[in-house]
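Colleague: Handing you a structure now.
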Amino acid sequence: MLLTPLWISVLALPGLDYRFGWSPLSLGGVPVWLELASLAVALGCWILVFEVFRFNSFASTAVRVGAGQKVVSDGPYRIVRHPMYFAIVVLALATPLALGSYFAIPAAALFIPLLAFRLVHEERVLRRELPGYAEYCRHTRFRLIPFAF
């Protein structure tokens, strides 16, 4: 319930920043090279989200195990257990810079604890209800951030 209004604020704050000139007046504005790099990162995140759906037809907004659902360990699921959440966090952090705003970054950073909370809850459900998930967790160590968490 909190992710949608948060995403709207991440998209709206850069518009307000542009209108009122907050970033240029206080921090000199986001350099064009950083905007372009952030756009490239955002594009990569969208590609990763599409890859997640290509490998896991059970990916959804609801935390539940569907009939016939199996553990997916191919593609991006080889690296982290929740590649779509990784893509969403990075996308949320890149979007303000791609839109030329430093002032939307704190709102984007709120995605990290919200998705981490959801991830922990989701893993409890998957370990309990999805056969083979505990074994998958032993092989794919990292939940969200490759080589870190």
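In the structure tokens, chains take the letters A, B, ... in the order shown, each chain's residues start at 1, and ligands count up from 1 in the order shown.
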Would you kindly return, as a PyMOL selection string, each protein, DNA or RNA residue with an atom no farther than 7 Å from any atom of stretch 130-145 of chain A, considering only C-alpha atoms and excluding same-chain residues fewer than 6 positions away?

Modeller: chain A and resi 65+71+78-83+85-86

Colleague: Output the selection as a PDB file, in the first residue's frame - N, CA and C atoms for each residue.

Modeller:
ATOM      1  N   VAL A  65       1.733 -18.558  -2.852  1.00  0.00           N
ATOM      2  CA  VAL A  65       2.233 -19.652  -3.678  1.00  0.00           C
ATOM      3  C   VAL A  65       1.066 -20.192  -4.486  1.00  0.00           C
ATOM      4  N   VAL A  71      10.100 -23.633  -7.767  1.00  0.00           N
ATOM      5  CA  VAL A  71      11.213 -22.731  -7.495  1.00  0.00           C
ATOM      6  C   VAL A  71      11.917 -22.417  -8.811  1.00  0.00           C
ATOM      7  N   ARG A  78      19.580 -16.823 -10.455  1.00  0.00           N
ATOM      8  CA  ARG A  78      20.838 -17.462 -10.091  1.00  0.00           C
ATOM      9  C   ARG A  78      21.687 -16.542  -9.205  1.00  0.00           C
ATOM     10  N   ILE A  79      21.494 -15.240  -9.342  1.00  0.00           N
ATOM     11  CA  ILE A  79      22.358 -14.269  -8.670  1.00  0.00           C
ATOM     12  C   ILE A  79      21.763 -13.828  -7.329  1.00  0.00           C
ATOM     13  N   VAL A  80      20.491 -13.440  -7.341  1.00  0.00           N
ATOM     14  CA  VAL A  80      19.789 -13.049  -6.109  1.00  0.00           C
ATOM     15  C   VAL A  80      18.415 -13.702  -6.106  1.00  0.00           C
ATOM     16  N   ARG A  81      17.879 -13.892  -4.909  1.00  0.00           N
ATOM     17  CA  ARG A  81      16.583 -14.562  -4.787  1.00  0.00           C
ATOM     18  C   ARG A  81      15.415 -13.657  -5.175  1.00  0.00           C
ATOM     19  N   HIS A  82      15.627 -12.351  -5.144  1.00  0.00           N
ATOM     20  CA  HIS A  82      14.547 -11.407  -5.461  1.00  0.00           C
ATOM     21  C   HIS A  82      15.050 -10.371  -6.465  1.00  0.00           C
ATOM     22  N   PRO A  83      15.303 -10.796  -7.711  1.00  0.00           N
ATOM     23  CA  PRO A  83      15.872  -9.864  -8.690  1.00  0.00           C
ATOM     24  C   PRO A  83      14.934  -8.714  -9.061  1.00  0.00           C
ATOM     25  N   TYR A  85      12.889  -7.136  -6.997  1.00  0.00           N
ATOM     26  CA  TYR A  85      13.026  -6.136  -5.937  1.00  0.00           C
ATOM     27  C   TYR A  85      14.331  -5.373  -6.097  1.00  0.00           C
ATOM     28  N   PHE A  86      15.398  -6.074  -6.473  1.00  0.00           N
ATOM     29  CA  PHE A  86      16.666  -5.401  -6.734  1.00  0.00           C
ATOM     30  C   PHE A  86      16.485  -4.356  -7.835  1.00  0.00           C
TER      31      PHE A  86
END

Colleague: Could you work out how far atom CA of A:Pro96 lies from atom CA of A:Phe55, giving the answer in Å with one decimal?

Modeller: 28.8 Å

Colleague: I'd like the interatomic distance between atom CA of A:Val63 and atom CA of A:Leu43, to a tenth of an Å.

Modeller: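 Separation between atom CA of A:Val63 and atom CA of A:Leu43: 26.1 Å.
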
Colleague: DSSP on the backbone: which residues in stretch 2-127 of chain A end up as alpha helix (DSSP H)? Give the answer as a PyMOL selection string.

Modeller: chain A and resi 3-20+22-27+32-55+83-98+105-109+111-127

Colleague: Using only C-alpha atoms, which residues sit within 12 Å of A:Trp33 once same-chain residues fewer than 6 positions away are excluded, as JSON, numbers by chain?

Modeller: {"A": [39, 40, 97, 98, 100]}

Colleague: Please write the residues from the selection above to a file, keeping C-alpha atoms, as a compact mmCIF listing (two decimals), in the first residue's frame.

Modeller:
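Saved as selection01.txt:
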# COMPACT_ATOMS: atom_id res chain seq x y z
CA LEU A 39 18.64 6.82 -17.75
CA ALA A 40 20.83 3.93 -18.90
CA LEU A 97 18.76 11.62 -11.11
CA ALA A 98 17.51 10.70 -14.59
CA GLY A 100 17.39 15.94 -12.90

Colleague: Please determine, counting only C-alpha atoms, which residue among A:Val120, A:Ala92, A:Ile112, A:Ala148 has the shortest atom-to-atom distance to A:Trp7.

Modeller: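 Counting only C-alpha atoms, the residue closest to A:Trp7 is A:Ala92.
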
Colleague: Mind pulling up the distance from atom CA of A:Ile8 to atom CA of A:Leu25?

Modeller: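 If I compute the distance from atom CA of A:Leu25 to atom CA of A:Ile8, I get 23.8 Å.
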
Colleague: At a cut-off of 12 Å, using only C-alpha atoms, what residues contact A:Glu51? Leave out same-chain residues fewer than 4 positions from it and give the result as a list in words.

Modeller: Gly44, Cys45, Trp46, Ile47, Phe55, Asn56, Ser57, Ala59, Asp74, Gly75, Pro76, Tyr77, Pro83, Met84 and Ala87 of chain A

Colleague: Keeping only C-alpha atoms, take the residues you just selected and write them out as a PDB file, in the first residue's frame.

Modeller:
ATOM      1  CA  GLY A  44      18.698  -1.763 -17.523  1.00  0.00           C
ATOM      2  CA  CYS A  45      16.361  -2.110 -14.543  1.00  0.00           C
ATOM      3  CA  TRP A  46      13.309  -2.342 -16.805  1.00  0.00           C
ATOM      4  CA  ILE A  47      15.061  -4.989 -18.884  1.00  0.00           C
ATOM      5  CA  PHE A  55      11.796 -16.697 -16.190  1.00  0.00           C
ATOM      6  CA  ASN A  56       9.092 -16.643 -13.499  1.00  0.00           C
ATOM      7  CA  SER A  57       5.487 -16.623 -14.663  1.00  0.00           C
ATOM      8  CA  ALA A  59       5.927 -13.330 -10.156  1.00  0.00           C
ATOM      9  CA  ASP A  74      17.577 -19.804 -13.674  1.00  0.00           C
ATOM     10  CA  GLY A  75      18.302 -16.433 -15.244  1.00  0.00           C
ATOM     11  CA  PRO A  76      18.467 -13.543 -12.792  1.00  0.00           C
ATOM     12  CA  TYR A  77      17.362 -15.891  -9.990  1.00  0.00           C
ATOM     13  CA  PRO A  83      15.872  -9.864  -8.690  1.00  0.00           C
ATOM     14  CA  MET A  84      12.719  -7.837  -9.329  1.00  0.00           C
ATOM     15  CA  ALA A  87      15.596  -3.826 -10.040  1.00  0.00           C
TER      16      ALA A  87
END

Colleague: Using only C-alpha atoms, can you tell me which of A:Phe103, A:Phe111, A:Phe20, A:Phe53 comes closest to A:Val90?

Modeller: A:Phe111

Colleague: Of the residues A:His121, A:Phe147, A:Ala109, A:Thr95, which is the one nearest to A:Ala37, using only C-alpha atoms?

Modeller: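 The closest residue to A:Ala37 is A:Thr95.
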
Colleague: Which residue is closest to A:Gly21? Choose from A:Leu36, A:Val52, A:Leu3, A:Tyr102 and count only C-alpha atoms.

Modeller: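 Nearest to A:Gly21: A:Tyr102.
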
Colleague: From the options A:Leu99, A:Ala94, A:Ile88, A:Leu13, which residue's atoms come nearest to A:Leu114, counting only C-alpha atoms?

Modeller: A:Ile88
